[in-house]
Structure formats: structure tokens, C-alpha cells
Amino acid sequence: MEQFLPFAPAMFGVAGAVLAMAFDAWESRLSALVAAVTLLTLGALAAGWTAMATGLAGQVLRSGGTFSIAPAVCLLLGAVALLGCSGSLVSDRTGSRIVALGALTASASALVAASADVGMLFLSVEMLALCGYGLVALGGTDRAREAAMKWFVQGSVATVVFVIGTAVLLGRTGGSMRYDAIAKLAATGLDGPMAVGFVLVLSALAFKLGAFPLHSWMPDAYETAPPAAAAIMASAGKVGPIAATVWLSLAVTAAAGERLIRVVAILAICSIVFGNLAALRQNSLARMLAYSGIAQVGYALVGVPMGVRSASVLVFAVLYGLTAAASFILVEAIRRFDPLWDGTIRGLAGLSQRSPALAASLAVIMFSLTGIPLTAGFWGKFLVFAGASVGGYLWLAIAGVLGSVVSFGYYGAAIRSAYIDEPQEPEIVGSVAEEVGPRARVAVATVSVLAVLIVILGTAPMVSGLAPVLNALLK
Amino acid sequence: MTLTLLALIPLGGAALVWVTGRFRPATVRVAALVVALIQLAFTCVLAVTVATHTPATMTGGLTSAASTSFWLLRVDGLALPLIVLTSLLGVIAVLASWRVELRPGAHFALLLGLQAAVTLVFLADHLVLFYAAWEAVLIPMFFLIGGWGHEGRRHAAMKFFIYTFAGSALMLIGLLLVGFTTGELRISALSSGILDPTLRTLVFWLLVAGFAVKVPIVPFHTWLPEAHVEAPTAGSIMLAGVLLKMGGYGLLRFALPLAPEAAHAAAPVFATLGIIGIVYGAVVALAQTDLKRLVAYSSIAHMGFVVLAIATGSPLALAAAMLVMVAHGLTSALLFLLVGQLYDRTHTRSLARLGGLLATLPVWATIFVFASLASLGLPGLAGFPGELVTFLEGFASWGWWMVAVALGVVLAGAYSLRAIREVAQGPEKPEWAGLRDLDLIELAAAVPLALLIVVMGVWPSVVSGVMDPVARALSALVGRG
């Protein structure tokens, strides 16, 4: 019985999805939403509890120990994203299906994060991918279906790569696919097949993360997917694979030596350069967030080669996940608040006068994504770059901070639009604000709460210090 | 606790003012002024305490209790003059924006928030807190330029943010290397020997990247003219008055003590760049047709003296660096204040359109002539002692290269006198006939600055005396004591 306990958190999420499907049959979208959010929250609590408890480790899932909060965060972010986008989820015909798939995505990502076995990792990554294709297709437009199809085709290739990689690793370890078995074998020396298998698995994960050059599905998918779906995929859906990359890399870092890890470093730097440059060129807010997500994955990968210090990546992933969820809920909130908004960054002009709360949240979220102090995003980047600078990857850290500087070119442009630019058609300002319904209020409230949370997480360590995290890093 | 209050008064004040702005916009400015005055009074009390009761050495000063928190504060002779300057200009900036009608609550809240962040930069005794405060300065300044600036504010706000962020991002890597290779994050514990010798040159240049942009050292100055010109008056005052000093402070606080050998080796480079800055700033200022741009470029020249003094590195020169910083803080603040007051009346800053203001606006023009003379370094006013000592000490170290500095000083005279001639003198212009002269609030902002400029001119040791122990210690470190 004990060995099933690590599965419990994700099972809450799955139960939420099942309930949502059941309520969908009754056309009761509100009940579906409430059921999913409640069960995801319960799942997050359960995951938090298992993270505290020790001695629960199952065969294929890890639990307990420092930095094992990633699964809890995946589930919680799923709940938050669904809550924040509840306006469209309750009113749209397909709402319950988005809720169900969203809950499944969060659960799958939690399993990805908790995996301690390559086979388990494969299954959960595939579950995550399948939900993703469906979520994008639920966008309903032709572009959304095309994006889903594109992702599906590319994802199939990634699946094949994953299968081959797993098979090679399986053949080499002679049966066990647990990370520690791989680590034990790698410790005796990393031979050719083993390295190939590892690189193949890593490539599949990199595809899932959207690291350059395996990113091309991401902008279309995030832009055309329903906002709730994008919020879940960009936050919960990223935290899991990043965590898996860290754990898997840790298994081989000890013995893998420079060559293997250099692959990750190159992926990181390419993602940072490409993501930032591409995001600079975007007009659409959602698309800019998608491209910048490629750069953010790059920052996360900066920390992966750092061995023990790579724990900092998990902190980064959690904080980034929080901010990314907030950013896509923000897109939803602005859309609902201002139905005439064309989705562009330019179109945000005058937002600070129409909705001070939304504009302030936007500023906080963008500063956090840039990694400016006083916001949560700063600590993630701080820890990752600190690990890289002292861990022998100074050039990666420098690339990372310079990428962050460039990123203010587009993140800052959104703040500039909201605060500095004059609205082009001032006459619509008054009329729109009156139409704000209660559903926009939920989105606005969620974003505001998240923004406050981002600031609290950003400022609290100034007073409390970060002793446990820093101690783990300074080791 | 007392030190914490120094950061919390303006921060709490910002929140208070912002809330007030939502309910009673008319009283916001009074609230902001009260907060700024309380902060100034508190700073003065603290300054007297520190200057008289504690040895203001590099490792001494008033320090908060040790803990694992990042919230560690300290005041020593290096930080004290700049903290006092910040509190003083905080009051001036509030007075300078007395007539802001556009969202006054947000404006004054940002000003006080900016003051809190800058004060924290000088107070911080923890690397992480220092960096956080350093970057936090950008946020209110970005909104001040963008929200209340002039025509080009849209572009200027972004340029200011990205340029200085680029420098400070590299500085962050330098600080991370310091903190995480030595395991010591407390600034006062970072003595010269703590850093691995192989890392020192690298760390030095990474740190300098951040400070050089902030000072700014030519050729990293290109953000400055635009930001200064486009910023609202209060923003320009804070930018020129205290934000530039963060760069000089950083060089003295981190770059020199952590990597004295690298600083020693790089001194010729810095001296050259300082001299180039002095001449270049003056030449370009001479060519300006916009009064505010002229003042902005003169800042580059004056900060060139700071760079030259730091490169020279003798105890006197380092004390002179502080003198120049404080003096420039006072004179540039006064000049930007006056330019802002003029712009409020004429809505132009074009030298060609101005003229004859001694007749039209006698009080304003008198103070303007005074400020211009202070800026050119007239003996008896604030700019003179620091620049003279820099020149003399520089002559001892760099010999005849100081001729170029002398040229820069002559050019400074040229652009200052040109400004006086074009703006204050000449025949009265009918266009400006009906303008009213300075009122009480405007005088209340300008006169204290003018008085302090005289005080610093005749009694420079009020600043250099506080700085002296630190200057000696630093100078010994870089081998020029």
C-alpha cells in the first residue's frame, strides 16, 4: 500500500479531470471547474505532505527530501490557472473539456517531476504531450487546429526519439530504468551507447521544454490555445520537465564529465539567444510570452550542468512557473476586461488608466520575468547564475544576464505601453470599463493576488534571508 | 534599528503618499514634503552621531547587528556624505515638483521610493541587499521618466533602463563571484585579501562594467544626456545629484578594496578615460543649443574629475573624489532645478530663444549666474576645492597630461559663461516680458542649495574630514598611500 502513496497527489488531479468530464455530460461547467480546482488543490496539499514525509519512496516515483516540492507546485499552478481563467471556462461551450485536460496536464507534469525511473518518465511525458495537443486543438480556430497538428507531428518524432533512448538505456542497465541504477552504471564510466541513450532522452525532454532548436511548436501553440490552456502548459507543464531534466542530469553528472553536460550548456545558450531575439520581434503579447518562454527555458538549463548546485534550477522553475501562469492569466484578464483589445503589445496603451490593478500586475509580472529584484523572478535567476558563475560556467552566467538585459526590451515594452503610451482611441476608454462583468473580476483578482505574491516572494527573503537554499548552494 | 528607519521613512512615506493621492490629491505634496523633511532631520542627527562618536573607518562606522538575514546596514565615512546628499536632494526634488498636477500621488510616491532605494544602496552591508537596492533604483526612475518626462520620454525611459541594467547585470556576476567564492556576503567583511588572486582582475572588470555605466565613464555615457533631458525636473535632480554618485561609490566601496592590484594596473586607463570625459563633456556642452542638454553634458565632464581622482588614488585625491561628487550633486541639482523652473515659464530650453533674463526674471537669473559660476569651479564655491585637489594630485601622478584637464577647465568656463551670456545677459526679449519671478516655494528649493554651495566652497573639510579615514585606508590598499 505504502508504495502507492507517492502516486496519490497526481491521482487527486486525475480524479478532478474525471469529475470534470462527468459534469461535462451534464453541461454543468461551473461544477466541473469547482471539482477540478478543489481536487488539484487537495492534490497539491497531498504532494506537499509527501514532500515533507520521508520513507515513502516508491519504485518509480521519488518523494521527500529538499527541493522535492515541484509536483506540489505543478498541481497548485494548475488549480490557479483554472481559477484565474474561470471566466471563459464557465462561459465557453468547451470549457469543461479544457478543465479536464488542464487538470490532467497538471497531474501529468507532477508525475514527470516526481519520476525516478525512465519508464515512468516516458509514460508521464507522453500523457503530458497528449493533453497538450488536445488543449491547443480546443482553441477552436483553424489556426489552433493547425498548431495542434504541427505539435502532434513534431511530438511524434520526439516520442520515437524517447523510445529509442529508453531502449538503449534499458539495454545497457540490463533491466532497471531507475535513475539511481543509471547513476550507478554511469559512475563506473560512461560508454558510447549509454551517452547516446542519455542524449536521446535529454533531446526528447528538450523538445517538451521547447528549447532551441526544438521550439517551433511553442509560439503557435501558446498563442492559439485557450488562455487557460496556455497558462497551464506554460507554468505547470514546464515545471515538471525542468525538474525531470535536473534529476536525470544529476544521475549522470557525477561521471558524465564535461562532454555530455556541454550539450546542455549549448542548448541553454542557443535558447537564450534565439528566444530573446525572436521575442523582441513580436507584436502579440501572447506570442511574445511564448518566445520569451524559450529564453526562460534557456536560463533554467544554465543551472543544469552545475551538479549538486542544480537544485537552484528547481527554485527557478517554481518561481518561473508562478510568474508564467500569472502572465497568461493576465492575457485572459485583459481580454475579458477589454473585449476590443487586439492582443498586441501596442494595444495595451492606456491600460494604466483603464485598470490600475491590471497595469500594476502587468508591471510586476514583466519585472519578475526580467528578473529585477523585489520580484520573485529575481531569486530564481540569482540562484541559477550564482551556481553557474562559481561552478565553472561563468560564460553561461554572463550569457544569461545579458539575455535578461535584452529581455527587458520586450518585457519593458509591455510596461511602457501600459503606462507611458497614450491610448490611440481615447473615446472607447470609458465605455469599456463599464462592461466589466463578474467573470473579468475573477481574472483580475487572481492576477492581482499573484502579483502581490510575486512581490512578497521577492521582498521577503531580503529580511528573512535564504539560509537553507544558500547553504545547499555554497556546499 | 536607527539605520533601518533611514530606509523605511521614505519607503513608508511613499506608501502613505500614494494612499493620500487616491483620496486627497491636493495634500499629497505637503505629505511628501513632511516625509522628506523628517528624513532629512533624521539623517542630520545620524550624521552628527556618526561623525563625532564612531571612528568612520572602512570597517568601522555604525553597523546593524549580525544575522543570517540580508538586511544588514552600515554607515561609514564613505556612505555618510552621500546619504546626507540623498536626503537633502530628496527635499529639493519634492519642492521642485510642487506644481505637478498629473497624478501627483504616484509622482511623489515614486520620488520617495527612489529616495529609499538610493539610500539603501549607500546603507547596504550585504551584497544581495546592495544589488537589490541598486536595481530597485531603476524602477521608480523608469516610471518617473516615462510618466512625467518630456517629448522623448518613451524612448529615454527604455534606454536608461536597458543601458544601466546591462552594466549592473555584469556587476551582478562580479558580486556573485565575490560572494560565492569567498562565502562572505557581508560587505564590511570583504577585506582586500579575501578574494582569490586569480579572480581579482576578472571581478574588477565585471564590477567596473556596472559602475562605469552609472558614473558614467566615457564611452559608456550615451544614456545620460537623453535620460537627463527627458526626465522631469525632480527626476533630473535625483539622476544627476545622487544616481551618478552610485557609480563612484561602487568603485570606492567594491572595485578598489576587492582588487587593489587590478585597480592599480587599470589606473592609467581610468585616468585617460577620466581626462577624455572632462574634455569631451566640456566640448560637447559647448556645442549644445538646448540649456538642459548643456547641463547634462557638463555632468559628464564633472564626473570625469571623479574618475580621474579615483584613478590617482592618493588619500587626498580620493577625498577630492568625494568632494567633487558632493559638489556636483549640489550644483547640478541647482542647475536642473533652475532649468526646470525656467521651462515651466517659457516652455522652451533653446538657448537661441532665451536671453535678457536678468532684466525679466532678476532673482531667477541671479541664482542661475551663481550656479553657472559654481559649475565652472569658481574659487570659494563648492566645485573649486575638489577639482583643484584632483588637478594637483593628478599632476603628481600623471604629469603633463594634466594640461588636457586644464583645457577642460577652460572649456568649462567657456560653456558656463556662454550659458550665462545667452540666457541671462543681452537685451530684454519682449517674448518673455510678462513672466513672473520665483515664488516662495521655488526660492525655498533653490536658496538652500546655493547656501550649501558657498558653505562647501569655504569649508570643504566638512565633507572631506568624514571621508578622510576611508580615503587613507583605500589609498594604502592600492599602493598610492
# chains A, B, ... in the order shown; residues from 1 in each chain; ligands from 1
call {"tool": "interface_residues", "arguments": {"of": "chain B", "to": "chain A", "cutoff": "7 Å", "atoms": "only C-alpha atoms", "output": "PyMOL selection string"}}
result
chain B and resi 68-71+129+132+135-136+146-147+154+162+165-166+169-170+173+176-177+180-181
call {"tool": "write_last_selection", "arguments": {"atoms": "N, CA and C atoms", "output": "PDB file, in the first residue's frame"}}
result
ATOM      1  N   THR B  68      21.568  36.184   9.931  1.00  0.00           N
ATOM      2  CA  THR B  68      21.607  35.480   8.655  1.00  0.00           C
ATOM      3  C   THR B  68      20.751  36.187   7.612  1.00  0.00           C
ATOM      4  N   SER B  69      20.069  37.230   8.048  1.00  0.00           N
ATOM      5  CA  SER B  69      19.206  37.955   7.126  1.00  0.00           C
ATOM      6  C   SER B  69      20.034  38.751   6.135  1.00  0.00           C
ATOM      7  N   PHE B  70      19.425  39.141   5.030  1.00  0.00           N
ATOM      8  CA  PHE B  70      20.118  40.003   4.066  1.00  0.00           C
ATOM      9  C   PHE B  70      20.057  41.465   4.494  1.00  0.00           C
ATOM     10  N   TRP B  71      19.237  41.747   5.500  1.00  0.00           N
ATOM     11  CA  TRP B  71      19.016  43.121   5.890  1.00  0.00           C
ATOM     12  C   TRP B  71      20.119  43.567   6.853  1.00  0.00           C
ATOM     13  N   LEU B 129      21.590  42.564  -0.717  1.00  0.00           N
ATOM     14  CA  LEU B 129      20.775  43.758  -0.453  1.00  0.00           C
ATOM     15  C   LEU B 129      21.271  44.915  -1.310  1.00  0.00           C
ATOM     16  N   ALA B 132      20.125  44.364  -4.870  1.00  0.00           N
ATOM     17  CA  ALA B 132      18.675  44.551  -4.993  1.00  0.00           C
ATOM     18  C   ALA B 132      18.325  46.036  -4.965  1.00  0.00           C
ATOM     19  N   GLU B 135      19.343  47.802  -8.258  1.00  0.00           N
ATOM     20  CA  GLU B 135      18.411  47.615  -9.366  1.00  0.00           C
ATOM     21  C   GLU B 135      17.069  48.260  -9.071  1.00  0.00           C
ATOM     22  N   ALA B 136      16.700  48.250  -7.791  1.00  0.00           N
ATOM     23  CA  ALA B 136      15.405  48.821  -7.429  1.00  0.00           C
ATOM     24  C   ALA B 136      15.349  50.299  -7.784  1.00  0.00           C
ATOM     25  N   GLY B 146       9.307  58.001 -17.738  1.00  0.00           N
ATOM     26  CA  GLY B 146       8.272  57.640 -18.695  1.00  0.00           C
ATOM     27  C   GLY B 146       6.948  58.354 -18.455  1.00  0.00           C
ATOM     28  N   GLY B 147       6.605  58.563 -17.200  1.00  0.00           N
ATOM     29  CA  GLY B 147       5.285  59.099 -16.904  1.00  0.00           C
ATOM     30  C   GLY B 147       5.215  60.618 -16.877  1.00  0.00           C
ATOM     31  N   ARG B 154       9.366  58.344 -23.980  1.00  0.00           N
ATOM     32  CA  ARG B 154       9.080  56.962 -24.287  1.00  0.00           C
ATOM     33  C   ARG B 154      10.383  56.200 -24.536  1.00  0.00           C
ATOM     34  N   ILE B 162      17.648  49.977 -19.936  1.00  0.00           N
ATOM     35  CA  ILE B 162      18.407  48.884 -20.526  1.00  0.00           C
ATOM     36  C   ILE B 162      19.914  49.131 -20.410  1.00  0.00           C
ATOM     37  N   PHE B 165      20.921  48.670 -16.781  1.00  0.00           N
ATOM     38  CA  PHE B 165      20.702  47.261 -16.419  1.00  0.00           C
ATOM     39  C   PHE B 165      21.798  46.389 -17.023  1.00  0.00           C
ATOM     40  N   ALA B 166      22.231  46.716 -18.244  1.00  0.00           N
ATOM     41  CA  ALA B 166      23.294  45.941 -18.885  1.00  0.00           C
ATOM     42  C   ALA B 166      24.564  46.000 -18.046  1.00  0.00           C
ATOM     43  N   ALA B 169      23.998  44.126 -14.679  1.00  0.00           N
ATOM     44  CA  ALA B 169      23.893  42.666 -14.798  1.00  0.00           C
ATOM     45  C   ALA B 169      25.285  42.050 -14.743  1.00  0.00           C
ATOM     46  N   LEU B 170      26.255  42.674 -15.422  1.00  0.00           N
ATOM     47  CA  LEU B 170      27.623  42.177 -15.345  1.00  0.00           C
ATOM     48  C   LEU B 170      28.176  42.360 -13.932  1.00  0.00           C
ATOM     49  N   ILE B 173      27.235  39.490 -11.780  1.00  0.00           N
ATOM     50  CA  ILE B 173      28.114  38.329 -11.888  1.00  0.00           C
ATOM     51  C   ILE B 173      29.373  38.537 -11.047  1.00  0.00           C
ATOM     52  N   LEU B 176      28.446  38.068  -7.490  1.00  0.00           N
ATOM     53  CA  LEU B 176      28.196  36.652  -7.214  1.00  0.00           C
ATOM     54  C   LEU B 176      29.522  35.912  -7.053  1.00  0.00           C
ATOM     55  N   LEU B 177      30.474  36.227  -7.922  1.00  0.00           N
ATOM     56  CA  LEU B 177      31.786  35.582  -7.815  1.00  0.00           C
ATOM     57  C   LEU B 177      32.419  35.916  -6.466  1.00  0.00           C
ATOM     58  N   PHE B 180      30.167  34.114  -3.582  1.00  0.00           N
ATOM     59  CA  PHE B 180      30.069  32.655  -3.530  1.00  0.00           C
ATOM     60  C   PHE B 180      31.423  31.961  -3.594  1.00  0.00           C
ATOM     61  N   THR B 181      32.499  32.663  -4.002  1.00  0.00           N
ATOM     62  CA  THR B 181      33.803  32.002  -3.888  1.00  0.00           C
ATOM     63  C   THR B 181      34.402  32.234  -2.501  1.00  0.00           C
TER      64      THR B 181
END
call {"tool": "residues_around", "arguments": {"residues": "Ala433 in chain B", "least_positions_apart": "3", "cutoff": "10 Å", "atoms": "only C-alpha atoms", "output": "PDB file with C-alpha atoms, in the first residue's frame"}}
result
ATOM      1  CA  GLY B 356      17.946  89.050 -21.278  1.00  0.00           C
ATOM      2  CA  LEU B 357      16.500  87.226 -18.319  1.00  0.00           C
ATOM      3  CA  ALA B 359      16.086  92.026 -16.603  1.00  0.00           C
ATOM      4  CA  THR B 360      12.920  89.938 -16.879  1.00  0.00           C
ATOM      5  CA  LEU B 361      13.499  87.420 -14.105  1.00  0.00           C
ATOM      6  CA  GLU B 428      15.448  92.010 -22.859  1.00  0.00           C
ATOM      7  CA  LYS B 429      13.207  89.952 -25.135  1.00  0.00           C
ATOM      8  CA  PRO B 430       9.580  91.101 -25.486  1.00  0.00           C
ATOM      9  CA  ARG B 436       6.696  86.241 -13.056  1.00  0.00           C
TER      10      ARG B 436
END
call {"tool": "atom_distance", "arguments": {"atom1": "CA of Ser464 in chain B", "atom2": "CA of Leu316 in chain B"}}
result
8.8 Å
call {"tool": "select_by_dssp", "arguments": {"residues": "range 127-247 of chain A", "states": "alpha helix (DSSP H)", "output": "PDB file with C-alpha atoms, in the first residue's frame"}}
result
ATOM      1  CA  MET A 127       0.480  11.846 -21.048  1.00  0.00           C
ATOM      2  CA  LEU A 128       1.568  15.454 -20.753  1.00  0.00           C
ATOM      3  CA  ALA A 129       2.073  15.732 -24.512  1.00  0.00           C
ATOM      4  CA  LEU A 130      -1.285  14.161 -25.395  1.00  0.00           C
ATOM      5  CA  CYS A 131      -3.129  16.565 -23.117  1.00  0.00           C
ATOM      6  CA  GLY A 132      -1.213  19.410 -24.719  1.00  0.00           C
ATOM      7  CA  TYR A 133      -2.272  18.515 -28.265  1.00  0.00           C
ATOM      8  CA  GLY A 134      -5.873  18.355 -27.152  1.00  0.00           C
ATOM      9  CA  LEU A 135      -5.698  21.607 -25.248  1.00  0.00           C
ATOM     10  CA  VAL A 136      -4.340  23.507 -28.235  1.00  0.00           C
ATOM     11  CA  ALA A 137      -6.927  21.981 -30.563  1.00  0.00           C
ATOM     12  CA  ASP A 142      -8.311  26.830 -37.748  1.00  0.00           C
ATOM     13  CA  ARG A 143      -5.000  28.211 -36.604  1.00  0.00           C
ATOM     14  CA  ALA A 144      -5.343  26.394 -33.301  1.00  0.00           C
ATOM     15  CA  ARG A 145      -6.059  23.073 -35.002  1.00  0.00           C
ATOM     16  CA  GLU A 146      -3.127  23.631 -37.326  1.00  0.00           C
ATOM     17  CA  ALA A 147      -0.865  24.422 -34.367  1.00  0.00           C
ATOM     18  CA  ALA A 148      -2.051  21.286 -32.570  1.00  0.00           C
ATOM     19  CA  MET A 149      -1.389  19.186 -35.647  1.00  0.00           C
ATOM     20  CA  LYS A 150       2.061  20.681 -36.104  1.00  0.00           C
ATOM     21  CA  TRP A 151       2.887  20.000 -32.485  1.00  0.00           C
ATOM     22  CA  PHE A 152       1.491  16.483 -32.721  1.00  0.00           C
ATOM     23  CA  VAL A 153       3.627  15.610 -35.743  1.00  0.00           C
ATOM     24  CA  GLN A 154       6.772  17.038 -34.183  1.00  0.00           C
ATOM     25  CA  GLY A 155       5.872  15.451 -30.865  1.00  0.00           C
ATOM     26  CA  SER A 156       5.595  12.039 -32.503  1.00  0.00           C
ATOM     27  CA  VAL A 157       9.187  12.337 -33.635  1.00  0.00           C
ATOM     28  CA  ALA A 158      10.194  13.291 -30.096  1.00  0.00           C
ATOM     29  CA  THR A 159       8.311  10.235 -28.815  1.00  0.00           C
ATOM     30  CA  VAL A 160      10.224   7.970 -31.137  1.00  0.00           C
ATOM     31  CA  VAL A 161      13.495   9.534 -30.049  1.00  0.00           C
ATOM     32  CA  PHE A 162      12.478   8.993 -26.420  1.00  0.00           C
ATOM     33  CA  VAL A 163      11.594   5.348 -27.062  1.00  0.00           C
ATOM     34  CA  ILE A 164      14.913   4.660 -28.734  1.00  0.00           C
ATOM     35  CA  GLY A 165      16.798   6.443 -25.983  1.00  0.00           C
ATOM     36  CA  THR A 166      14.950   4.478 -23.317  1.00  0.00           C
ATOM     37  CA  ALA A 167      15.605   1.234 -25.145  1.00  0.00           C
ATOM     38  CA  VAL A 168      19.324   1.947 -25.329  1.00  0.00           C
ATOM     39  CA  LEU A 169      19.478   2.799 -21.634  1.00  0.00           C
ATOM     40  CA  LEU A 170      17.414  -0.271 -20.776  1.00  0.00           C
ATOM     41  CA  GLY A 171      19.733  -2.496 -22.756  1.00  0.00           C
ATOM     42  CA  ARG A 172      22.738  -1.010 -21.064  1.00  0.00           C
ATOM     43  CA  THR A 173      21.491  -1.267 -17.498  1.00  0.00           C
ATOM     44  CA  TYR A 179      17.732   6.943 -12.231  1.00  0.00           C
ATOM     45  CA  ASP A 180      19.890   5.572  -9.450  1.00  0.00           C
ATOM     46  CA  ALA A 181      20.606   2.433 -11.466  1.00  0.00           C
ATOM     47  CA  ILE A 182      21.690   4.631 -14.346  1.00  0.00           C
ATOM     48  CA  ALA A 183      23.770   6.724 -11.983  1.00  0.00           C
ATOM     49  CA  LYS A 184      25.429   3.635 -10.556  1.00  0.00           C
ATOM     50  CA  LEU A 185      26.304   2.424 -14.027  1.00  0.00           C
ATOM     51  CA  ALA A 186      27.453   5.874 -15.143  1.00  0.00           C
ATOM     52  CA  ALA A 187      29.718   6.053 -12.129  1.00  0.00           C
ATOM     53  CA  GLY A 192      29.194   5.252 -26.052  1.00  0.00           C
ATOM     54  CA  PRO A 193      25.739   3.606 -26.034  1.00  0.00           C
ATOM     55  CA  MET A 194      24.978   4.976 -22.618  1.00  0.00           C
ATOM     56  CA  ALA A 195      25.866   8.504 -23.723  1.00  0.00           C
ATOM     57  CA  VAL A 196      23.748   8.132 -26.852  1.00  0.00           C
ATOM     58  CA  GLY A 197      20.779   6.901 -24.836  1.00  0.00           C
ATOM     59  CA  PHE A 198      21.118   9.739 -22.397  1.00  0.00           C
ATOM     60  CA  VAL A 199      21.389  12.358 -25.129  1.00  0.00           C
ATOM     61  CA  LEU A 200      18.310  10.935 -26.888  1.00  0.00           C
ATOM     62  CA  VAL A 201      16.219  11.066 -23.716  1.00  0.00           C
ATOM     63  CA  LEU A 202      17.501  14.532 -22.999  1.00  0.00           C
ATOM     64  CA  SER A 203      16.577  15.651 -26.517  1.00  0.00           C
ATOM     65  CA  ALA A 204      13.036  14.426 -26.035  1.00  0.00           C
ATOM     66  CA  LEU A 205      12.821  16.406 -22.812  1.00  0.00           C
ATOM     67  CA  ALA A 206      14.308  19.445 -24.542  1.00  0.00           C
ATOM     68  CA  PHE A 207      11.559  19.184 -27.131  1.00  0.00           C
ATOM     69  CA  LYS A 208       8.967  19.098 -24.394  1.00  0.00           C
ATOM     70  CA  LEU A 209      10.598  22.153 -22.815  1.00  0.00           C
ATOM     71  CA  MET A 218       5.620  26.510 -28.967  1.00  0.00           C
ATOM     72  CA  PRO A 219       4.736  30.026 -30.186  1.00  0.00           C
ATOM     73  CA  ASP A 220       1.819  28.821 -32.316  1.00  0.00           C
ATOM     74  CA  ALA A 221       0.563  26.528 -29.607  1.00  0.00           C
ATOM     75  CA  TYR A 222       0.638  29.147 -26.856  1.00  0.00           C
ATOM     76  CA  GLU A 223      -0.843  31.869 -28.981  1.00  0.00           C
ATOM     77  CA  THR A 224      -3.769  29.883 -30.364  1.00  0.00           C
ATOM     78  CA  PRO A 227      -5.657  31.190 -22.303  1.00  0.00           C
ATOM     79  CA  ALA A 228      -6.366  28.713 -19.511  1.00  0.00           C
ATOM     80  CA  ALA A 229      -4.585  26.033 -21.512  1.00  0.00           C
ATOM     81  CA  ALA A 230      -1.637  28.266 -22.265  1.00  0.00           C
ATOM     82  CA  ALA A 231      -1.418  29.254 -18.597  1.00  0.00           C
ATOM     83  CA  ILE A 232      -1.261  25.611 -17.541  1.00  0.00           C
ATOM     84  CA  MET A 233       1.101  24.463 -20.280  1.00  0.00           C
ATOM     85  CA  ALA A 234       3.500  27.363 -19.758  1.00  0.00           C
ATOM     86  CA  ALA A 236       2.739  23.578 -14.626  1.00  0.00           C
ATOM     87  CA  GLY A 237       3.644  21.967 -17.944  1.00  0.00           C
ATOM     88  CA  LYS A 238       7.152  23.417 -17.781  1.00  0.00           C
ATOM     89  CA  VAL A 239       7.985  22.856 -14.121  1.00  0.00           C
ATOM     90  CA  GLY A 240       7.693  19.078 -14.454  1.00  0.00           C
ATOM     91  CA  PRO A 241      10.026  18.630 -17.442  1.00  0.00           C
ATOM     92  CA  ILE A 242      12.565  21.074 -15.997  1.00  0.00           C
ATOM     93  CA  ALA A 243      12.606  19.115 -12.744  1.00  0.00           C
ATOM     94  CA  ALA A 244      12.955  15.853 -14.667  1.00  0.00           C
ATOM     95  CA  THR A 245      15.884  17.285 -16.635  1.00  0.00           C
ATOM     96  CA  VAL A 246      17.585  18.233 -13.380  1.00  0.00           C
ATOM     97  CA  TRP A 247      17.106  14.834 -11.725  1.00  0.00           C
TER      98      TRP A 247
END
call {"tool": "select_by_dssp", "arguments": {"residues": "range 44-286 of chain B", "states": "strand (DSSP E or B)", "output": "PyMOL selection string"}}
result
chain B and resi 62-63+73-75+124+126+186
call {"tool": "residues_around", "arguments": {"residues": "Gly479 in chain B", "least_positions_apart": "4", "cutoff": "8 Å", "atoms": "only C-alpha atoms", "output": "NGL selection string"}}
result
:B and (260 or 264 or 475)
call {"tool": "write_last_selection", "arguments": {"atoms": "C-alpha atoms", "output": "compact mmCIF listing (two decimals), in the first residue's frame"}}
result
# COMPACT_ATOMS: atom_id res chain seq x y z
CA PRO B 260 43.62 46.66 -5.41
CA HIS B 264 46.42 49.82 -9.62
CA SER B 475 44.83 54.63 -0.80
call {"tool": "closest_residue", "arguments": {"among": "A:Gly84, A:Gly43, A:Gly210, A:Gly78", "to": "Leu330 in chain A", "atoms": "only C-alpha atoms"}}
result
A:Gly84
call {"tool": "residues_around", "arguments": {"residues": "range 370-387 of chain B", "least_positions_apart": "5", "cutoff": "8 Å", "atoms": "only C-alpha atoms", "output": "PyMOL selection string"}}
result
chain B and resi 305+320-324+327-328+331-332+334-335+409+412-413+416-417+419-420+450+452-458+460
call {"tool": "write_last_selection", "arguments": {"atoms": "C-alpha atoms", "output": "short mmCIF file (atom, residue, chain, number, x, y, z; two decimals), in the first residue's frame"}}
result
data_model
loop_
_atom_site.label_atom_id
_atom_site.label_comp_id
_atom_site.auth_asym_id
_atom_site.auth_seq_id
_atom_site.Cartn_x
_atom_site.Cartn_y
_atom_site.Cartn_z
CA PHE B 305 37.05 64.52 -12.39
CA ALA B 320 38.71 65.01 -3.57
CA ALA B 321 36.66 62.44 -5.47
CA MET B 322 34.10 62.63 -2.68
CA LEU B 323 34.28 66.43 -2.67
CA VAL B 324 33.62 66.57 -6.41
CA ALA B 327 29.76 69.44 -5.04
CA HIS B 328 28.42 68.18 -8.35
CA THR B 331 25.45 72.35 -8.36
CA SER B 332 23.88 70.06 -10.94
CA LEU B 334 20.57 73.54 -8.57
CA LEU B 335 21.09 73.93 -12.31
CA VAL B 409 38.57 73.55 -17.09
CA ALA B 412 34.02 74.54 -18.63
CA GLY B 413 34.46 78.26 -18.17
CA SER B 416 29.23 78.19 -18.38
CA LEU B 417 29.88 81.77 -19.44
CA ALA B 419 25.12 79.88 -20.91
CA ILE B 420 25.14 82.98 -18.76
CA ALA B 450 23.06 77.97 -3.13
CA LEU B 452 25.37 74.94 0.79
CA ILE B 453 27.43 75.54 -2.32
CA VAL B 454 29.05 78.51 -0.55
CA VAL B 455 29.49 76.52 2.66
CA MET B 456 31.20 73.69 0.82
CA GLY B 457 33.36 76.19 -1.06
CA VAL B 458 34.78 77.78 2.04
CA PRO B 460 35.30 71.68 2.26
#
